[in-house]
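Participant: The following block contains the structure, expressed as structure tokens.
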Amino acid sequence: MQLLDPRRFLRATFDAAVRAADPIHGIRQHLPEKPKGRTIVIGAGKASAQMAAALETLWDGPIEGLVVTRYGFSAPCKQIEIIEASHPVPDEAGLAASGRLLRAVEGMTKDDLVIALISGGGSALLPSPAHGLTLADEIAVNEVLLASGAPISAMNIIRKHISTIKGGRLAAAAHPAKVVSFIVSDIPGDNPALVASGPTVPDAGTRQDALALIDAYRMNLPETVLAHLESSAADGLGPDDSRFARNEVHVVASAAVSLEAAAKEARRHGIEARILSDSVEGESRDVASMHAAIAREIATRDRPFTKPVLLLSGGETTVTLRAKGKGGRNSEFLLSFALGINGIAGIHALAADTDGIDGSEDNAGAFADGHTVERLRKAGVDAKSMLMQNNAWTAFHAVNDLLVTGPTFTNVNDFRAILVTRAW
């Protein structure tokens, strides 16, 4: 079968990955029995509106509730209310939404059912500061976390200990109703307790763990936040809490499933695919250097895989902010990757966030190849300088290499596809 041109081919694998992350498939497989009492829907995340729309098509019976998603990520629903709030920095709309979600599950009985639709992005969309803290405190914490270079799992351990809704507290508020959580995972390893800081799923992480992470990543947090974490008021709910005994948790979409779909799409075009990992973490530019080394080895020595081949990986890298440039972790990955393969023909790459938004700009990610650095130079852009300034968006924008998809209404985190073949 004739191969598409490199960028069309890479885009096809990304689209296949996004389609596989549609939550309707997993929700259909795990629909709970209808309860004797009411069915209330709650949720948060960048995929929550799409999940709500899917649930409405599958549920045969009365249903009501509300979910909160990022501005611009809404989906049409008839019975479930969609609220929009800010991501990645929390705002007043998210604070109001958190309060409404908690009130929505007040007064539930053991005959009622709560269906929770949770996906990545829910941490920022559900600000609900602990007693003695303010929204400004949560915003400050969020900004420090995003600039720290800490992995998402570490960020969410900290977030859940300064909240009245995260760390299982939303599910606890619904007790004695049964809570069934559907999770679209953006967390490497797919631990549902860490997705969106686990509003309906507790874990064993402690406030001491949170303090250790703050120290390890040298985070400069507000004194009010540190004082709270050093007090017993920050103690979380454990998985053995009896209020969670009847609950169910189902991961309905993940990076692993999406990467398999991308590999299948590649093979449909006659290209063998190798999945390196679905849970890559680390500094974006460093992860890119390793990916570039593997791509170079294949291009020049046909090892550890022979050409042509598509390398796939997922997970969530991080960016330690050293300057105030424009970009996100995927565009930063690609700029570093481009430097690592500079001058080598036959290597083409795409890196993008499966939610359609990389960082705070309007692009999902970008494309790069062995001639990217040269194209940037001709456009008057120095790739190394842009990388040092965390300014990858500006670099790729200068040569029209950004990938803009708009919101995809799902989120299983980073998607990286590297095609290594003979020169085109």
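Every chain in the structure tokens takes a letter, A first, then B, and so on in the order presented; its residues are numbered from 1, and the ligands are numbered from 1 following the presented order.
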Using only C-alpha atoms, determine which residues lie at most 12 Å from Leu133 (chain A), disregarding the query and same-chain residues fewer than 2 positions distant; provide the list as a list of chain:residue names.
Facilitator: A:Pro127, A:Ser128, A:Pro129, A:Ala130, A:His131, A:Leu135, A:Ala136, A:Asp137, A:Glu138, A:Ile139, A:Ala140, A:Val141, A:His161, A:Ile162, A:Ser163, A:Thr164, A:Pro222, A:Glu223, A:Thr224, A:Val225, A:Leu226, A:Ala227, A:His228, A:Leu229, A:Ala233, A:Ala234
Participant: Excluding Met219 (chain A) and its own-chain neighbours fewer than 6 positions away, which residues fall within 12 Å of it when counting only C-alpha atoms? Please give them as a list in words.
Facilitator: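 Here the answer would be Ala140, Val141, Asn142, Glu143, Val144, Leu145, Leu146, Ala147, Ser148, Gly149, Ala150, Ala154, Met155, Ile158, Ala210, Leu211, Ala212, Leu213, Val225, Leu226 and Thr320 of chain A.
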Participant: Take the residues from that selection and put them in a file with N, CA, C and O atoms, as a PDB file, in the first residue's frame.
Facilitator:
ATOM      1  N   ALA A 140      -1.832  30.394  43.184  1.00  0.00           N
ATOM      2  CA  ALA A 140      -0.388  30.501  43.408  1.00  0.00           C
ATOM      3  C   ALA A 140       0.266  29.129  43.404  1.00  0.00           C
ATOM      4  O   ALA A 140       1.346  28.940  42.815  1.00  0.00           O
ATOM      5  N   VAL A 141      -0.359  28.169  44.068  1.00  0.00           N
ATOM      6  CA  VAL A 141       0.168  26.808  44.093  1.00  0.00           C
ATOM      7  C   VAL A 141       0.229  26.247  42.674  1.00  0.00           C
ATOM      8  O   VAL A 141       1.232  25.645  42.254  1.00  0.00           O
ATOM      9  N   ASN A 142      -0.849  26.441  41.920  1.00  0.00           N
ATOM     10  CA  ASN A 142      -0.910  25.907  40.570  1.00  0.00           C
ATOM     11  C   ASN A 142       0.194  26.479  39.687  1.00  0.00           C
ATOM     12  O   ASN A 142       0.844  25.757  38.914  1.00  0.00           O
ATOM     13  N   GLU A 143       0.439  27.768  39.796  1.00  0.00           N
ATOM     14  CA  GLU A 143       1.474  28.395  38.989  1.00  0.00           C
ATOM     15  C   GLU A 143       2.861  27.865  39.353  1.00  0.00           C
ATOM     16  O   GLU A 143       3.695  27.624  38.480  1.00  0.00           O
ATOM     17  N   VAL A 144       3.097  27.671  40.639  1.00  0.00           N
ATOM     18  CA  VAL A 144       4.381  27.116  41.075  1.00  0.00           C
ATOM     19  C   VAL A 144       4.539  25.681  40.572  1.00  0.00           C
ATOM     20  O   VAL A 144       5.614  25.287  40.084  1.00  0.00           O
ATOM     21  N   LEU A 145       3.485  24.884  40.678  1.00  0.00           N
ATOM     22  CA  LEU A 145       3.545  23.499  40.225  1.00  0.00           C
ATOM     23  C   LEU A 145       3.870  23.422  38.732  1.00  0.00           C
ATOM     24  O   LEU A 145       4.717  22.633  38.303  1.00  0.00           O
ATOM     25  N   LEU A 146       3.198  24.243  37.936  1.00  0.00           N
ATOM     26  CA  LEU A 146       3.395  24.198  36.493  1.00  0.00           C
ATOM     27  C   LEU A 146       4.804  24.595  36.082  1.00  0.00           C
ATOM     28  O   LEU A 146       5.310  24.158  35.046  1.00  0.00           O
ATOM     29  N   ALA A 147       5.450  25.428  36.886  1.00  0.00           N
ATOM     30  CA  ALA A 147       6.802  25.887  36.566  1.00  0.00           C
ATOM     31  C   ALA A 147       7.893  25.036  37.197  1.00  0.00           C
ATOM     32  O   ALA A 147       9.075  25.228  36.917  1.00  0.00           O
ATOM     33  N   SER A 148       7.508  24.060  38.024  1.00  0.00           N
ATOM     34  CA  SER A 148       8.484  23.343  38.850  1.00  0.00           C
ATOM     35  C   SER A 148       9.243  22.245  38.128  1.00  0.00           C
ATOM     36  O   SER A 148      10.322  21.836  38.555  1.00  0.00           O
ATOM     37  N   GLY A 149       8.659  21.701  37.045  1.00  0.00           N
ATOM     38  CA  GLY A 149       9.254  20.548  36.406  1.00  0.00           C
ATOM     39  C   GLY A 149       8.861  19.231  37.052  1.00  0.00           C
ATOM     40  O   GLY A 149       9.315  18.169  36.629  1.00  0.00           O
ATOM     41  N   ALA A 150       8.002  19.278  38.063  1.00  0.00           N
ATOM     42  CA  ALA A 150       7.554  18.057  38.732  1.00  0.00           C
ATOM     43  C   ALA A 150       6.595  17.284  37.835  1.00  0.00           C
ATOM     44  O   ALA A 150       5.826  17.881  37.072  1.00  0.00           O
ATOM     45  N   ALA A 154       3.193  13.915  40.975  1.00  0.00           N
ATOM     46  CA  ALA A 154       3.647  14.662  42.150  1.00  0.00           C
ATOM     47  C   ALA A 154       2.788  15.902  42.365  1.00  0.00           C
ATOM     48  O   ALA A 154       2.410  16.229  43.500  1.00  0.00           O
ATOM     49  N   MET A 155       2.475  16.613  41.284  1.00  0.00           N
ATOM     50  CA  MET A 155       1.620  17.797  41.405  1.00  0.00           C
ATOM     51  C   MET A 155       0.290  17.454  42.066  1.00  0.00           C
ATOM     52  O   MET A 155      -0.192  18.174  42.951  1.00  0.00           O
ATOM     53  N   ILE A 158       0.177  16.911  45.840  1.00  0.00           N
ATOM     54  CA  ILE A 158       0.162  18.183  46.572  1.00  0.00           C
ATOM     55  C   ILE A 158      -1.222  18.821  46.508  1.00  0.00           C
ATOM     56  O   ILE A 158      -1.771  19.250  47.521  1.00  0.00           O
ATOM     57  N   ALA A 210       3.427  15.047  50.383  1.00  0.00           N
ATOM     58  CA  ALA A 210       3.300  16.337  49.708  1.00  0.00           C
ATOM     59  C   ALA A 210       4.426  17.285  50.121  1.00  0.00           C
ATOM     60  O   ALA A 210       5.050  17.943  49.282  1.00  0.00           O
ATOM     61  N   LEU A 211       4.707  17.341  51.413  1.00  0.00           N
ATOM     62  CA  LEU A 211       5.778  18.212  51.899  1.00  0.00           C
ATOM     63  C   LEU A 211       7.145  17.775  51.367  1.00  0.00           C
ATOM     64  O   LEU A 211       7.993  18.616  51.034  1.00  0.00           O
ATOM     65  N   ALA A 212       7.348  16.465  51.270  1.00  0.00           N
ATOM     66  CA  ALA A 212       8.622  15.962  50.752  1.00  0.00           C
ATOM     67  C   ALA A 212       8.805  16.343  49.282  1.00  0.00           C
ATOM     68  O   ALA A 212       9.908  16.697  48.855  1.00  0.00           O
ATOM     69  N   LEU A 213       7.721  16.309  48.521  1.00  0.00           N
ATOM     70  CA  LEU A 213       7.793  16.683  47.113  1.00  0.00           C
ATOM     71  C   LEU A 213       8.058  18.178  46.958  1.00  0.00           C
ATOM     72  O   LEU A 213       8.823  18.602  46.076  1.00  0.00           O
ATOM     73  N   VAL A 225      -0.188  28.032  52.785  1.00  0.00           N
ATOM     74  CA  VAL A 225      -0.306  26.676  52.248  1.00  0.00           C
ATOM     75  C   VAL A 225       0.608  25.725  53.003  1.00  0.00           C
ATOM     76  O   VAL A 225       0.202  24.612  53.385  1.00  0.00           O
ATOM     77  N   LEU A 226       1.834  26.141  53.249  1.00  0.00           N
ATOM     78  CA  LEU A 226       2.772  25.286  53.988  1.00  0.00           C
ATOM     79  C   LEU A 226       2.283  25.026  55.398  1.00  0.00           C
ATOM     80  O   LEU A 226       2.381  23.901  55.917  1.00  0.00           O
ATOM     81  N   THR A 320      10.553  22.719  32.901  1.00  0.00           N
ATOM     82  CA  THR A 320      10.967  23.643  33.950  1.00  0.00           C
ATOM     83  C   THR A 320      11.152  25.012  33.308  1.00  0.00           C
ATOM     84  O   THR A 320      12.001  25.181  32.425  1.00  0.00           O
TER      85      THR A 320
END
Participant: Can you tell me which residues surround region 248-252 of chain A at a distance of at most 9 Å, considering only C-alpha atoms, apart from same-chain residues fewer than 6 positions away, and format the answer as a PyMOL selection string?
Facilitator: chain A and resi 21-27+29-30+178-185+190-192+200-201
Participant: Check the smallest atom-to-atom distance from each of A:Val287, A:Leu376, A:Ala273, A:Ala245 to Asn330 (chain A) using only C-alpha atoms, then report the winner.
Facilitator: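 Once distances to Asn330 (chain A) are computed over only C-alpha atoms, the minimum belongs to A:Val287.
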Participant: Nearest residue to Arg8 (chain A) out of A:Ser242, A:Ala97, A:Val399, A:Ala266, using only C-alpha atoms?
Facilitator: A:Ala266
Participant: From a DSSP pass on the backbone, collect the residues of region 51-256 of chain A flagged as strand (DSSP E) and hand them back as a PyMOL selection string.
Facilitator: chain A and resi 64-70+80-85+113-119+178-184+248-253
Participant: Near His397 (chain A), counting only C-alpha atoms, which residues have an atom at most 9 Å away, once you skip same-chain residues fewer than 5 positions from it, shown as JSON, numbers by chain?
Facilitator: {"A": [366, 392, 402]}
Participant: Limited to N, CA, C and O atoms, could you put the picked residues into a file as a PDB file, in the first residue's frame?
Facilitator:
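Result went into result-v9.pdb, see below:
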ATOM      1  N   ALA A 366       3.293  20.168  17.149  1.00  0.00           N
ATOM      2  CA  ALA A 366       4.017  20.643  15.968  1.00  0.00           C
ATOM      3  C   ALA A 366       4.635  19.452  15.235  1.00  0.00           C
ATOM      4  O   ALA A 366       4.567  18.306  15.695  1.00  0.00           O
ATOM      5  N   ALA A 392       9.297  27.578  22.181  1.00  0.00           N
ATOM      6  CA  ALA A 392       9.153  26.657  21.053  1.00  0.00           C
ATOM      7  C   ALA A 392       7.991  27.032  20.141  1.00  0.00           C
ATOM      8  O   ALA A 392       8.073  26.871  18.922  1.00  0.00           O
ATOM      9  N   LEU A 402       3.387  24.384  13.117  1.00  0.00           N
ATOM     10  CA  LEU A 402       2.494  24.059  14.225  1.00  0.00           C
ATOM     11  C   LEU A 402       1.383  23.122  13.758  1.00  0.00           C
ATOM     12  O   LEU A 402       0.940  23.198  12.606  1.00  0.00           O
TER      13      LEU A 402
END
Participant: Taking only C-alpha atoms into account, name the residue in A:Asn411, A:Lys378, A:Arg38, A:Ala383 that is nearest to Gly122 (chain A).
Facilitator: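 Going through A:Asn411, A:Lys378, A:Arg38, A:Ala383 one by one, the smallest distance to Gly122 (chain A) is for A:Asn411.
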Participant: Which residues come within 10 Å of Ile42 (chain A), counting only C-alpha atoms, excluding same-chain residues fewer than 4 positions away, as a list in words?
Facilitator: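 Final neighbour list, sorted by chain and number: Ser48, Ala52, Glu64, Gly65, Leu66, Val67, Val68, Ile80, Glu81, Ile82, Arg100, Leu101, Leu102, Ala104, Val105, Val114, Ile115, Ala116, Leu117, Ile118, Leu170, Ala171, Val179, Ser181 and Thr200 of chain A.
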Participant: With only C-alpha atoms as the atoms that count, which of A:Met386, A:Ile214, A:Ala173, A:Ala352 lies nearest to Lys324 (chain A)?
Facilitator: A:Met386
Participant: Would you list the contacts of Val280 (chain A) as a VMD selection string, taking every protein, DNA or RNA residue within 7 Å and counting only C-alpha atoms, but skipping same-chain residues closer than 4 positions in sequence?
Facilitator: chain A and resid 188 314 to 317
Participant: Using only C-alpha atoms, determine which residues lie at most 8 Å from Val257 (chain A), disregarding the query and same-chain residues fewer than 3 positions distant; provide the list as a list of chain:residue names.
Facilitator: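 Answer for this query is A:Ala17, A:Ala20, A:Ala21, A:Ala253, A:Ser254, A:Glu260, A:Ala261.
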Participant: Per residue of region 35-65 of chain A within 9 Å of region 69-79 of chain A, what are the shortest atom pair and its distance in Å to one decimal, counting only C-alpha atoms, with rows by chain and residue number, as CSV?
Facilitator:
residue,atom,partner,partner_atom,distance
A:Gly43,CA,A:Thr69,CA,8.5
A:Ala44,CA,A:Thr69,CA,5.8
A:Gly45,CA,A:Thr69,CA,5.1
A:Lys46,CA,A:Thr69,CA,5.2
A:Ala47,CA,A:Thr69,CA,7.1
A:Ser48,CA,A:Thr69,CA,6.1
A:Ala49,CA,A:Ala75,CA,5.3
A:Gln50,CA,A:Ala75,CA,5.8
A:Ala52,CA,A:Cys77,CA,7.1
A:Ala53,CA,A:Cys77,CA,5.5
A:Glu56,CA,A:Cys77,CA,7.4
A:Pro62,CA,A:Gln79,CA,8.6
A:Ile63,CA,A:Gln79,CA,6.6
A:Glu64,CA,A:Gln79,CA,5.5
A:Gly65,CA,A:Gln79,CA,7.4
Participant: Can you list, as a VMD selection string, every residue of region 249-371 of chain A that DSSP puts in helix (DSSP H, G or I)?
Facilitator: chain A and resid 255 to 268 284 to 301 329 to 340
Participant: Quote the spacing between CA of Gln208 (chain A) and CA of Ala196 (chain A) in Å to one decimal place.
Facilitator: 20.2 Å
Participant: Choose the residue, out of A:Leu194, A:Ala124, A:Leu310, A:Val41, that has the smallest atom-to-atom separation from Ala174 (chain A); count only C-alpha atoms.
Facilitator: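 For Ala174 (chain A), the nearest of the candidates is A:Val41.
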